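Coordinates as given in coords-v3.txt (compact mmCIF, C-alpha atoms):
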```txt
# COMPACT_ATOMS: atom_id res chain seq x y z
CA MET P 1408 -10.65 9.48 6.85
CA ASP P 1409 -9.72 12.74 8.43
CA VAL P 1410 -6.17 13.31 7.26
CA SER P 1411 -6.09 16.79 8.79
CA ARG P 1412 -6.40 15.07 12.20
CA ARG P 1413 -4.03 12.26 11.10
CA GLU P 1414 -6.86 9.73 11.48
CA VAL P 1415 -7.42 6.98 8.92
CA ASP P 1416 -9.24 3.68 8.73
CA SER P 1417 -9.92 0.92 6.25
CA THR P 1418 -11.31 -2.59 6.33
CA ASP P 1419 -8.49 -4.19 4.34
CA ASN P 1420 -6.65 -7.09 5.99
CA GLY P 1421 -3.38 -5.22 6.44
CA THR P 1422 -5.00 -2.34 8.29
CA VAL P 1423 -7.41 -4.46 10.35
CA HIS P 1424 -5.30 -7.50 11.23
CA ARG P 1425 -1.73 -6.30 10.97
CA GLY P 1426 -2.07 -2.69 12.03
CA TYR P 1427 -0.29 -1.02 9.13
CA ILE P 1428 -1.52 1.59 6.67
CA GLY P 1429 -2.91 -0.63 3.92
CA TYR P 1430 -3.17 -0.21 0.17
CA PRO P 1431 -6.65 1.39 0.17
CA ILE P 1432 -5.44 4.18 2.45
CA ILE P 1433 -2.27 4.69 0.41
CA SER P 1434 -4.30 4.79 -2.83
CA PHE P 1435 -6.69 7.35 -1.33
CA LEU P 1436 -3.77 9.54 -0.23
CA MET P 1437 -2.30 9.34 -3.74
CA LEU P 1438 -5.62 10.31 -5.33
CA LYS P 1439 -5.77 13.30 -2.98
CA LYS P 1440 -2.19 14.17 -4.04
CA LEU P 1441 -0.92 13.81 -0.47
CA LEU P 1442 1.61 11.14 -1.51
CA PRO P 1443 3.99 11.24 -4.47
CA ILE P 1444 2.94 9.48 -7.67
CA ASN P 1445 5.32 8.04 -10.25
CA GLU P 1446 3.16 8.01 -13.41
CA GLY P 1447 5.54 5.81 -15.44
CA LEU P 1448 5.80 3.22 -12.71
CA MET P 1449 2.05 3.35 -12.13
CA GLN P 1450 1.40 2.54 -15.80
CA SER P 1451 3.88 -0.36 -15.65
CA LEU P 1452 2.08 -1.88 -12.67
CA LYS P 1453 -1.43 -1.86 -14.16
CA GLY P 1454 -3.13 -5.21 -14.54
CA ILE P 1455 -0.86 -7.13 -12.18
CA PRO P 1456 -2.71 -9.89 -10.30
CA TRP P 1457 -1.41 -8.74 -6.89
CA ARG P 1458 -3.61 -10.97 -4.79
CA ARG P 1459 -2.74 -14.12 -6.73
CA LEU P 1460 0.98 -13.33 -6.60
CA ASN P 1461 0.88 -12.53 -2.87
CA GLU P 1462 -0.93 -15.81 -2.19
CA GLU P 1463 1.47 -17.75 -4.41
CA TYR P 1464 4.74 -16.35 -3.02
CA ARG P 1465 3.63 -15.36 0.51
CA SER P 1466 6.29 -12.66 0.52
CA TYR P 1467 5.91 -9.06 -0.63
CA ALA P 1468 9.66 -8.90 -1.29
CA ARG P 1469 9.52 -11.98 -3.54
CA VAL P 1470 6.48 -10.65 -5.41
CA MET P 1471 8.33 -7.40 -6.09
CA GLU P 1472 11.37 -9.31 -7.35
CA VAL P 1473 9.17 -11.24 -9.79
CA ILE P 1474 7.33 -8.13 -11.00
CA ILE P 1475 10.51 -6.07 -11.42
CA LYS P 1476 12.06 -8.86 -13.50
CA ASP P 1477 8.91 -9.64 -15.53
CA LYS P 1478 8.18 -5.99 -16.32
CA GLY P 1479 11.83 -5.08 -16.95
CA LEU P 1480 11.76 -2.33 -14.34
CA SER P 1481 14.71 -0.66 -12.68
CA GLU P 1482 15.01 -2.06 -9.16
CA SER P 1483 16.72 1.12 -7.97
CA GLU P 1484 13.92 3.32 -9.41
CA VAL P 1485 11.24 1.16 -7.76
CA ASN P 1486 13.05 1.17 -4.41
CA LYS P 1487 13.64 4.93 -4.60
CA TYR P 1488 9.94 5.51 -5.17
CA ILE P 1489 8.93 3.17 -2.33
CA ASP P 1490 11.34 5.01 -0.03
CA GLN P 1491 9.84 8.37 -1.05
CA VAL P 1492 6.29 7.20 -0.29
CA LEU P 1493 7.28 5.61 3.02
CA SER P 1494 9.17 8.75 4.03
CA VAL P 1495 6.12 10.94 3.46
CA LEU P 1496 3.89 8.42 5.27
CA ARG P 1497 6.21 8.49 8.29
CA ARG P 1498 6.11 12.29 8.39
CA MET P 1499 2.30 12.21 8.20
CA ASN P 1500 2.26 10.15 11.41
CA LEU P 1501 -1.17 8.66 10.65
CA LYS P 1502 -3.07 6.72 13.26
CA ARG P 1503 -5.78 4.17 12.73
CA VAL P 1504 -9.05 5.22 14.30
CA GLN P 1505 -11.51 2.37 13.97
CA LYS P 1506 -14.56 3.79 12.26
CA TYR P 1507 -15.95 0.65 10.67
CA ASN P 1508 -17.65 -2.24 12.41
CA GLU P 1509 -15.49 -5.28 11.97
CA VAL P 1510 -16.67 -8.84 12.17
CA ILE P 1511 -14.18 -10.90 14.11
CA GLU P 1512 -14.27 -14.57 13.29
CA GLU P 1513 -13.97 -16.86 16.29
```

What is this structure when it is put down as structure tokens?
Amino acid sequence: MDVSRREVDSTDNGTVHRGYIGYPIISFLMLKKLLPINEGLMQSLKGIPWRRLNEEYRSYARVMEVIIKDKGLSESEVNKYIDQVLSVLRRMNLKRVQKYNEVIEE
């Protein structure tokens, strides 16, 4: 990744097949302190079986509803944080520059 040039890439499904900035890129940007981090929320979300829940519910919105309820989180706090991260991502205006060889299944 070359964030200074606004160029990012990852081999996760969201980035490769759907064209959005996927979780690995977002995590990297958080580790580099380029995106806001909510420590309390981060601790609450540890150990969640994201993949299983996403496969079970097939809806990110539904998965978040379940997690917010199960963990007793504040929906408004979660949504405020998501909005903050998305706002910074929009301002960063990142573009995917394919740097990895991808195997396309036919």

Who sits within 10 Å of segment 1450-1465 of chain P, all atoms listed in the file, same chain under 6 positions skipped, as a PyMOL selection string: chain P and resi 1471+1473-1475+1478-1480

Atom pair atom CA of Ser1417 of chain P / atom CA of Asn1445 of chain P: separation (Å):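 Spanning atom CA of Ser1417 of chain P to atom CA of Asn1445 of chain P is a straight-line distance of 23.6 Å.
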
Nearest to Glu1482 of chain P by atom-to-atom distance, counting only C-alpha atoms, from P:Ser1494, P:Met1437, P:Leu1448, P:Gly1426: P:Leu1448

Atom CA of Phe1435 of chain P to atom CA of Thr1422 of chain P, straight-line distance in Å: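 Computing it gives 13.8 Å between the two atoms.
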